[in-house]
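Colleague: Here it is, the structure in full.
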Amino acid sequence: MVKIVDKEQIKQLFAEGQRLMIGGFIECGAPHRLIDLLLESGVGNLTLIGNDTGFDDQKSGQLVVEKRLSRVIVSHIGTNKETGRQMNRGDLEVELIPQGTLVEQIRAGGAGLGGVLTPTGIGTPVAEESRTIEVDGREYLLAKPLRADLALVKAWKADRDGNLLFRYAARNFNPVMAMAGDKVVVEAEEIVPAGEIDPNQVMTPGIFVDYILQNGGEGASV
Amino acid sequence: MSEMRERITRRIARELEDGDVVNLGIGMPTMGADFIPDDIRVIFQSENGFVGMGPRPPKGEEDPDLVNAGSEPVTIKTGGAFFDSTTSFAIIRGGHLDATVLGALQVDEQGNLANWKIPGKLVPGMGGAMDLTVGARQVIVATSHTTKKDQPKILPECTLPLTAKGEVDLIVTELAVFRVTGQGLLLEEIAEDTTVKEVREKTAAGFSIAPELTTFA
């Protein structure tokens, strides 16, 4: 059952050393309010699974700037100079994964699969770290499933049953991460009564969602 | 857009056909409608999750939820659609893209591409580039012919970590258009203000010259 919770209840979900999935694509569609609460909670030594590490002068990037992360599993770090600096100093472990492989690993984690086979990365350094499996004469790399302790998701609208809608390009990694967290926490711009979102239009079914931040976004109300 | 980029972009636009679904990688300007002839419809895909990408909106109409994969504000055209990253990469990897245009640090005569890592110096990461090169039917590399220090970028063999092995089909620079063939590079076109001699001096890779070598502006 979905619980609509306040900021303090959200903060209690965070713990040192957790493995977190955080939705968004270079800040677009990232749950900035939840990241604020994560920063306020003071926890560190976190593993981040996400597309990237944001911009160093914007919200998602602050997880790196404030040194809360010990490991990141991402496809791109070029927009956050601090990520590269911490990596070069040996303070941050960076695992770079092709974006299409990363999203399938997350999907596999949420969908109960043992992994997926992808042609992406064959003949590149990526292949050196994966098992190669031949299927019908073509080579593929095995990409193992990824899961997280918590998935932090940004929605446009959530109803009180947790059904979600996303807006424009802010959807990106959010729906797939909503399936791959042991607990799934949603920040919605607006929380609407159950039934207000047409079941035909639901993008993420509420059964995946555990918590919704009350007054998650500007103008949100319950 | 610099004159060089504009020339490369204009030349690449000629490769695109009516109905093509095309992804422009980061580093390539939002080509927009400016370079696509009015009588054809090209559908641009953005790997952060939509097809039907349109040009930058007028100032004041930018929407933080509507940006391309390089975080630049864009628009959505009539008939466009948004989706999540799994669908986006199903399009990219699954053979549903007619072409992708990507930048290069190095590209070589076997059609190998390096553009995601300079060990010890610059490690931006590959983002969607490895999926794009594997999945798109036509992989077009858009690059300056040489580095800022006038070193060749088109080499006999890439020395940097590869993004893609043998996936590049066409290389377009401000000086030349090379097709990657089973027998190495074929120089198909040169810019109107250069010579084959200059192209040869600035290209480390070997290449043959098309019998009907043409020029582009």
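Ordering of the structure tokens sets the chain letters (A, B, ...); residue numbers start at 1 within each chain; ligands are numbered from 1 in the order shown.
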If you run DSSP on the backbone here, which positions in range 67-178 of chain B get helix (DSSP H, G or I)? Please write them as a list in words.
Modeller: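 Filtering range 67-178 of chain B down to helix (DSSP H, G or I) leaves Ser85, Thr86, Thr87, Ser88, Phe89, Ala90, Ile91, Ile92, Arg93, Ala129, Met130, Asp131, Leu132, Thr133, Val134 and Gly135 of chain B.
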Colleague: With N, CA and C atoms retained, write the just-selected residues as a tab-separated table (two decimals), in the first residue's frame.
Modeller:
```tsv
chain	number	residue	atom	x	y	z
B	85	SER	N	13.41	5.38	-21.04
B	85	SER	CA	14.73	5.05	-21.60
B	85	SER	C	14.81	3.64	-22.16
B	86	THR	N	13.99	2.70	-21.67
B	86	THR	CA	14.04	1.36	-22.26
B	86	THR	C	13.51	1.39	-23.69
B	87	THR	N	12.42	2.11	-23.91
B	87	THR	CA	11.87	2.23	-25.26
B	87	THR	C	12.84	3.00	-26.15
B	88	SER	N	13.45	4.03	-25.57
B	88	SER	CA	14.39	4.84	-26.35
B	88	SER	C	15.53	3.97	-26.89
B	89	PHE	N	16.04	3.08	-26.04
B	89	PHE	CA	17.15	2.24	-26.47
B	89	PHE	C	16.70	1.01	-27.24
B	90	ALA	N	15.43	0.65	-27.13
B	90	ALA	CA	14.89	-0.36	-28.05
B	90	ALA	C	14.88	0.22	-29.46
B	91	ILE	N	14.53	1.48	-29.57
B	91	ILE	CA	14.57	2.15	-30.88
B	91	ILE	C	16.00	2.18	-31.41
B	92	ILE	N	16.92	2.57	-30.54
B	92	ILE	CA	18.32	2.75	-30.95
B	92	ILE	C	18.97	1.40	-31.28
B	93	ARG	N	18.84	0.44	-30.38
B	93	ARG	CA	19.56	-0.83	-30.54
B	93	ARG	C	18.83	-1.79	-31.47
B	129	ALA	N	26.39	6.53	-26.89
B	129	ALA	CA	27.12	6.43	-28.18
B	129	ALA	C	27.39	4.99	-28.62
B	130	MET	N	27.68	4.11	-27.66
B	130	MET	CA	27.97	2.72	-28.06
B	130	MET	C	26.72	2.02	-28.59
B	131	ASP	N	25.58	2.33	-27.99
B	131	ASP	CA	24.32	1.75	-28.46
B	131	ASP	C	23.96	2.31	-29.84
B	132	LEU	N	24.16	3.62	-30.01
B	132	LEU	CA	23.84	4.26	-31.29
B	132	LEU	C	24.66	3.67	-32.43
B	133	THR	N	25.95	3.45	-32.19
B	133	THR	CA	26.80	2.95	-33.27
B	133	THR	C	26.46	1.50	-33.61
B	134	VAL	N	26.09	0.72	-32.61
B	134	VAL	CA	25.74	-0.68	-32.86
B	134	VAL	C	24.39	-0.79	-33.56
B	135	GLY	N	23.47	0.11	-33.20
B	135	GLY	CA	22.09	-0.08	-33.63
B	135	GLY	C	21.66	0.64	-34.88
```
Colleague: Find the spatial neighbours of range 54-59 of chain A, counting only C-alpha atoms, within a cut-off of 6 Å - ignore same-chain residues fewer than 2 positions away - and output them as JSON, numbers by chain.
Modeller: {"A": [26, 27, 52, 61, 62, 79, 80]}
Colleague: Compare A:Ala148, A:Ala15, A:Ala188, A:Cys28 by their minimum atom-to-atom distance to Ala170 in chain A, counting only C-alpha atoms, and give me the closest one.
Modeller: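 Closest to Ala170 in chain A of all the choices is A:Cys28.
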Colleague: Wanna dump the chain A-chain B contacts at 6 Å for me, each residue with its shortest atom pair and the distance in Å to one decimal, counting only C-alpha atoms, ordered by chain and number, as CSV?
Modeller:
```
residue,atom,partner,partner_atom,distance
A:Cys28,CA,B:Asp65,CA,5.9
A:Ser75,CA,B:Gly127,CA,4.6
A:His76,CA,B:Gly125,CA,4.4
A:Ile77,CA,B:Pro124,CA,5.1
A:Gly78,CA,B:Pro124,CA,3.9
A:Pro98,CA,B:Gly127,CA,5.7
A:Gln99,CA,B:Gly128,CA,4.9
A:Gly100,CA,B:Phe89,CA,5.2
A:Thr120,CA,B:Asp131,CA,5.3
A:Gly123,CA,B:Lys165,CA,5.5
A:Thr124,CA,B:Leu162,CA,5.1
A:Tyr168,CA,B:Asp65,CA,5.7
A:Ala169,CA,B:Leu66,CA,5.5
A:Ala170,CA,B:Asp65,CA,5.2
A:Arg171,CA,B:Asp84,CA,5.5
A:Asn172,CA,B:Asp84,CA,4.4
A:Phe173,CA,B:Ser85,CA,5.5
```
Colleague: Could you write out that same residue set with C-alpha atoms as a compact mmCIF listing (two decimals), in the first residue's frame?
Modeller:
```txt
# COMPACT_ATOMS: atom_id res chain seq x y z
CA CYS A 28 15.78 16.71 -16.24
CA SER A 75 26.71 6.12 -18.40
CA HIS A 76 28.14 9.63 -18.40
CA ILE A 77 30.01 11.93 -16.01
CA GLY A 78 31.06 14.70 -18.41
CA PRO A 98 26.60 2.19 -22.04
CA GLN A 99 23.27 3.90 -21.45
CA GLY A 100 21.16 1.29 -23.23
CA THR A 120 26.55 -2.99 -27.47
CA GLY A 123 35.09 -4.92 -29.57
CA THR A 124 35.45 -2.11 -27.02
CA TYR A 168 7.80 15.20 -21.59
CA ALA A 169 11.44 14.12 -21.42
CA ALA A 170 11.32 13.99 -17.61
CA ARG A 171 10.19 10.36 -17.88
CA ASN A 172 13.57 8.84 -18.92
CA PHE A 173 14.86 6.40 -16.24
```
Colleague: Take CA of Gly84 in chain A and CA of Ser60 in chain A and report the distance between them in Å, one decimal.
Modeller: 15.2 Å
Colleague: Per DSSP on the backbone, what are the strand (DSSP E or B) residues of range 4-164 of chain A, as a PDB file with N, CA and C atoms, in the first residue's frame?
Modeller:
```
ATOM      1  N   ILE A   4       1.499   8.160   1.875  1.00  0.00           N
ATOM      2  CA  ILE A   4       1.903   9.542   1.609  1.00  0.00           C
ATOM      3  C   ILE A   4       2.547  10.070   2.884  1.00  0.00           C
ATOM      4  N   VAL A   5       3.790  10.441   2.774  1.00  0.00           N
ATOM      5  CA  VAL A   5       4.577  10.718   3.979  1.00  0.00           C
ATOM      6  C   VAL A   5       5.187  12.120   3.908  1.00  0.00           C
ATOM      7  N   ARG A  19      22.421   1.673  -1.407  1.00  0.00           N
ATOM      8  CA  ARG A  19      22.514   1.646  -2.858  1.00  0.00           C
ATOM      9  C   ARG A  19      21.238   2.302  -3.380  1.00  0.00           C
ATOM     10  N   LEU A  20      21.407   3.408  -4.109  1.00  0.00           N
ATOM     11  CA  LEU A  20      20.254   4.198  -4.535  1.00  0.00           C
ATOM     12  C   LEU A  20      20.161   4.280  -6.054  1.00  0.00           C
ATOM     13  N   MET A  21      18.954   4.123  -6.564  1.00  0.00           N
ATOM     14  CA  MET A  21      18.699   4.508  -7.943  1.00  0.00           C
ATOM     15  C   MET A  21      18.024   5.864  -7.905  1.00  0.00           C
ATOM     16  N   ILE A  22      18.494   6.767  -8.732  1.00  0.00           N
ATOM     17  CA  ILE A  22      17.882   8.094  -8.788  1.00  0.00           C
ATOM     18  C   ILE A  22      17.555   8.417 -10.241  1.00  0.00           C
ATOM     19  N   PHE A  25      17.784  12.621 -16.144  1.00  0.00           N
ATOM     20  CA  PHE A  25      18.746  12.625 -17.248  1.00  0.00           C
ATOM     21  C   PHE A  25      19.380  14.007 -17.239  1.00  0.00           C
ATOM     22  N   CYS A  28      17.163  16.697 -15.730  1.00  0.00           N
ATOM     23  CA  CYS A  28      15.785  16.713 -16.240  1.00  0.00           C
ATOM     24  C   CYS A  28      15.061  15.465 -15.725  1.00  0.00           C
ATOM     25  N   LEU A  46      27.373   6.361  -0.168  1.00  0.00           N
ATOM     26  CA  LEU A  46      26.277   5.806  -0.952  1.00  0.00           C
ATOM     27  C   LEU A  46      26.765   5.329  -2.316  1.00  0.00           C
ATOM     28  N   THR A  47      26.047   4.354  -2.864  1.00  0.00           N
ATOM     29  CA  THR A  47      26.253   3.967  -4.257  1.00  0.00           C
ATOM     30  C   THR A  47      25.100   4.536  -5.065  1.00  0.00           C
ATOM     31  N   LEU A  48      25.427   5.271  -6.121  1.00  0.00           N
ATOM     32  CA  LEU A  48      24.410   5.846  -6.991  1.00  0.00           C
ATOM     33  C   LEU A  48      24.316   5.047  -8.285  1.00  0.00           C
ATOM     34  N   ILE A  49      23.115   4.617  -8.630  1.00  0.00           N
ATOM     35  CA  ILE A  49      22.860   4.046  -9.947  1.00  0.00           C
ATOM     36  C   ILE A  49      21.956   5.036 -10.674  1.00  0.00           C
ATOM     37  N   ASP A  52      23.646   9.574 -14.933  1.00  0.00           N
ATOM     38  CA  ASP A  52      24.786  10.488 -14.922  1.00  0.00           C
ATOM     39  C   ASP A  52      24.918  11.055 -13.511  1.00  0.00           C
ATOM     40  N   LEU A  69      28.873  10.208  -2.072  1.00  0.00           N
ATOM     41  CA  LEU A  69      28.912   8.973  -2.850  1.00  0.00           C
ATOM     42  C   LEU A  69      30.295   8.331  -2.772  1.00  0.00           C
ATOM     43  N   SER A  70      30.318   7.011  -2.682  1.00  0.00           N
ATOM     44  CA  SER A  70      31.601   6.311  -2.766  1.00  0.00           C
ATOM     45  C   SER A  70      31.710   5.547  -4.084  1.00  0.00           C
ATOM     46  N   ARG A  71      30.572   5.349  -4.733  1.00  0.00           N
ATOM     47  CA  ARG A  71      30.584   4.603  -5.983  1.00  0.00           C
ATOM     48  C   ARG A  71      29.431   5.076  -6.860  1.00  0.00           C
ATOM     49  N   VAL A  72      29.689   5.224  -8.154  1.00  0.00           N
ATOM     50  CA  VAL A  72      28.600   5.542  -9.070  1.00  0.00           C
ATOM     51  C   VAL A  72      28.602   4.556 -10.227  1.00  0.00           C
ATOM     52  N   ILE A  73      27.414   4.144 -10.639  1.00  0.00           N
ATOM     53  CA  ILE A  73      27.231   3.257 -11.789  1.00  0.00           C
ATOM     54  C   ILE A  73      26.368   4.043 -12.758  1.00  0.00           C
ATOM     55  N   VAL A  74      27.000   4.609 -13.780  1.00  0.00           N
ATOM     56  CA  VAL A  74      26.362   5.605 -14.646  1.00  0.00           C
ATOM     57  C   VAL A  74      26.864   5.442 -16.086  1.00  0.00           C
ATOM     58  N   HIS A  76      27.516   8.380 -17.981  1.00  0.00           N
ATOM     59  CA  HIS A  76      28.141   9.631 -18.401  1.00  0.00           C
ATOM     60  C   HIS A  76      28.457  10.487 -17.178  1.00  0.00           C
ATOM     61  N   GLU A  93      34.613   5.683  -6.813  1.00  0.00           N
ATOM     62  CA  GLU A  93      34.696   4.601  -7.789  1.00  0.00           C
ATOM     63  C   GLU A  93      33.649   4.852  -8.869  1.00  0.00           C
ATOM     64  N   VAL A  94      34.087   4.904 -10.117  1.00  0.00           N
ATOM     65  CA  VAL A  94      33.173   5.200 -11.219  1.00  0.00           C
ATOM     66  C   VAL A  94      33.101   4.011 -12.170  1.00  0.00           C
ATOM     67  N   GLU A  95      31.918   3.468 -12.315  1.00  0.00           N
ATOM     68  CA  GLU A  95      31.711   2.389 -13.278  1.00  0.00           C
ATOM     69  C   GLU A  95      30.867   2.951 -14.419  1.00  0.00           C
ATOM     70  N   LEU A  96      31.467   3.027 -15.615  1.00  0.00           N
ATOM     71  CA  LEU A  96      30.758   3.577 -16.769  1.00  0.00           C
ATOM     72  C   LEU A  96      30.161   2.450 -17.601  1.00  0.00           C
ATOM     73  N   VAL A 116      20.537  -9.519 -19.318  1.00  0.00           N
ATOM     74  CA  VAL A 116      20.158  -9.412 -20.732  1.00  0.00           C
ATOM     75  C   VAL A 116      21.425  -9.561 -21.575  1.00  0.00           C
ATOM     76  N   LEU A 117      21.245  -9.892 -22.835  1.00  0.00           N
ATOM     77  CA  LEU A 117      22.355 -10.030 -23.777  1.00  0.00           C
ATOM     78  C   LEU A 117      22.294  -8.871 -24.755  1.00  0.00           C
ATOM     79  N   THR A 118      23.403  -8.143 -24.859  1.00  0.00           N
ATOM     80  CA  THR A 118      23.408  -6.972 -25.734  1.00  0.00           C
ATOM     81  C   THR A 118      24.630  -6.986 -26.653  1.00  0.00           C
ATOM     82  N   THR A 132      31.065 -12.968 -22.664  1.00  0.00           N
ATOM     83  CA  THR A 132      30.553 -12.966 -24.032  1.00  0.00           C
ATOM     84  C   THR A 132      29.787 -14.266 -24.256  1.00  0.00           C
ATOM     85  N   ILE A 133      28.612 -14.152 -24.824  1.00  0.00           N
ATOM     86  CA  ILE A 133      27.781 -15.332 -25.084  1.00  0.00           C
ATOM     87  C   ILE A 133      27.348 -15.288 -26.540  1.00  0.00           C
ATOM     88  N   GLU A 134      27.536 -16.414 -27.235  1.00  0.00           N
ATOM     89  CA  GLU A 134      27.165 -16.456 -28.641  1.00  0.00           C
ATOM     90  C   GLU A 134      25.753 -17.021 -28.794  1.00  0.00           C
ATOM     91  N   VAL A 135      24.933 -16.337 -29.537  1.00  0.00           N
ATOM     92  CA  VAL A 135      23.577 -16.814 -29.824  1.00  0.00           C
ATOM     93  C   VAL A 135      23.375 -16.791 -31.341  1.00  0.00           C
ATOM     94  N   ARG A 138      25.941 -14.869 -33.404  1.00  0.00           N
ATOM     95  CA  ARG A 138      26.278 -13.485 -33.083  1.00  0.00           C
ATOM     96  C   ARG A 138      26.718 -13.379 -31.635  1.00  0.00           C
ATOM     97  N   GLU A 139      27.715 -12.523 -31.400  1.00  0.00           N
ATOM     98  CA  GLU A 139      28.240 -12.356 -30.045  1.00  0.00           C
ATOM     99  C   GLU A 139      27.485 -11.264 -29.289  1.00  0.00           C
ATOM    100  N   TYR A 140      27.237 -11.556 -28.015  1.00  0.00           N
ATOM    101  CA  TYR A 140      26.577 -10.594 -27.137  1.00  0.00           C
ATOM    102  C   TYR A 140      27.327 -10.524 -25.813  1.00  0.00           C
ATOM    103  N   LEU A 141      27.165  -9.400 -25.126  1.00  0.00           N
ATOM    104  CA  LEU A 141      27.707  -9.287 -23.778  1.00  0.00           C
ATOM    105  C   LEU A 141      26.582  -9.521 -22.775  1.00  0.00           C
ATOM    106  N   LEU A 142      26.932 -10.233 -21.707  1.00  0.00           N
ATOM    107  CA  LEU A 142      25.954 -10.449 -20.638  1.00  0.00           C
ATOM    108  C   LEU A 142      25.944  -9.225 -19.722  1.00  0.00           C
ATOM    109  N   ALA A 143      24.790  -8.619 -19.581  1.00  0.00           N
ATOM    110  CA  ALA A 143      24.623  -7.490 -18.662  1.00  0.00           C
ATOM    111  C   ALA A 143      23.761  -7.974 -17.505  1.00  0.00           C
ATOM    112  N   ALA A 148      18.311  -1.874  -6.267  1.00  0.00           N
ATOM    113  CA  ALA A 148      18.752  -0.882  -5.280  1.00  0.00           C
ATOM    114  C   ALA A 148      17.927  -1.006  -4.009  1.00  0.00           C
ATOM    115  N   ASP A 149      18.498  -0.499  -2.919  1.00  0.00           N
ATOM    116  CA  ASP A 149      17.742  -0.445  -1.662  1.00  0.00           C
ATOM    117  C   ASP A 149      16.556   0.505  -1.803  1.00  0.00           C
ATOM    118  N   LEU A 150      16.835   1.642  -2.421  1.00  0.00           N
ATOM    119  CA  LEU A 150      15.794   2.651  -2.629  1.00  0.00           C
ATOM    120  C   LEU A 150      15.866   3.157  -4.060  1.00  0.00           C
ATOM    121  N   ALA A 151      14.707   3.355  -4.659  1.00  0.00           N
ATOM    122  CA  ALA A 151      14.652   4.056  -5.942  1.00  0.00           C
ATOM    123  C   ALA A 151      13.949   5.383  -5.693  1.00  0.00           C
ATOM    124  N   LEU A 152      14.590   6.473  -6.092  1.00  0.00           N
ATOM    125  CA  LEU A 152      14.005   7.811  -5.940  1.00  0.00           C
ATOM    126  C   LEU A 152      13.516   8.269  -7.308  1.00  0.00           C
ATOM    127  N   VAL A 153      12.227   8.514  -7.399  1.00  0.00           N
ATOM    128  CA  VAL A 153      11.571   8.717  -8.689  1.00  0.00           C
ATOM    129  C   VAL A 153      10.858  10.062  -8.706  1.00  0.00           C
ATOM    130  N   LYS A 154      10.942  10.734  -9.834  1.00  0.00           N
ATOM    131  CA  LYS A 154      10.218  12.002  -9.999  1.00  0.00           C
ATOM    132  C   LYS A 154       9.064  11.802 -10.977  1.00  0.00           C
ATOM    133  N   ALA A 155       7.837  12.117 -10.495  1.00  0.00           N
ATOM    134  CA  ALA A 155       6.661  12.025 -11.369  1.00  0.00           C
ATOM    135  C   ALA A 155       6.063  13.402 -11.562  1.00  0.00           C
ATOM    136  N   TRP A 156       5.264  13.509 -12.585  1.00  0.00           N
ATOM    137  CA  TRP A 156       4.516  14.758 -12.808  1.00  0.00           C
ATOM    138  C   TRP A 156       3.267  14.734 -11.923  1.00  0.00           C
ATOM    139  N   LYS A 157       2.469  13.669 -12.087  1.00  0.00           N
ATOM    140  CA  LYS A 157       1.279  13.506 -11.253  1.00  0.00           C
ATOM    141  C   LYS A 157       1.291  12.124 -10.619  1.00  0.00           C
ATOM    142  N   ALA A 158       0.886  12.073  -9.379  1.00  0.00           N
ATOM    143  CA  ALA A 158       0.679  10.785  -8.704  1.00  0.00           C
ATOM    144  C   ALA A 158      -0.722  10.819  -8.129  1.00  0.00           C
ATOM    145  N   ASP A 159      -1.451   9.708  -8.231  1.00  0.00           N
ATOM    146  CA  ASP A 159      -2.705   9.670  -7.476  1.00  0.00           C
ATOM    147  C   ASP A 159      -2.453   8.971  -6.141  1.00  0.00           C
ATOM    148  N   LEU A 164       1.266   6.711 -11.601  1.00  0.00           N
ATOM    149  CA  LEU A 164       2.099   7.852 -11.964  1.00  0.00           C
ATOM    150  C   LEU A 164       1.967   8.235 -13.432  1.00  0.00           C
TER     151      LEU A 164
END
```
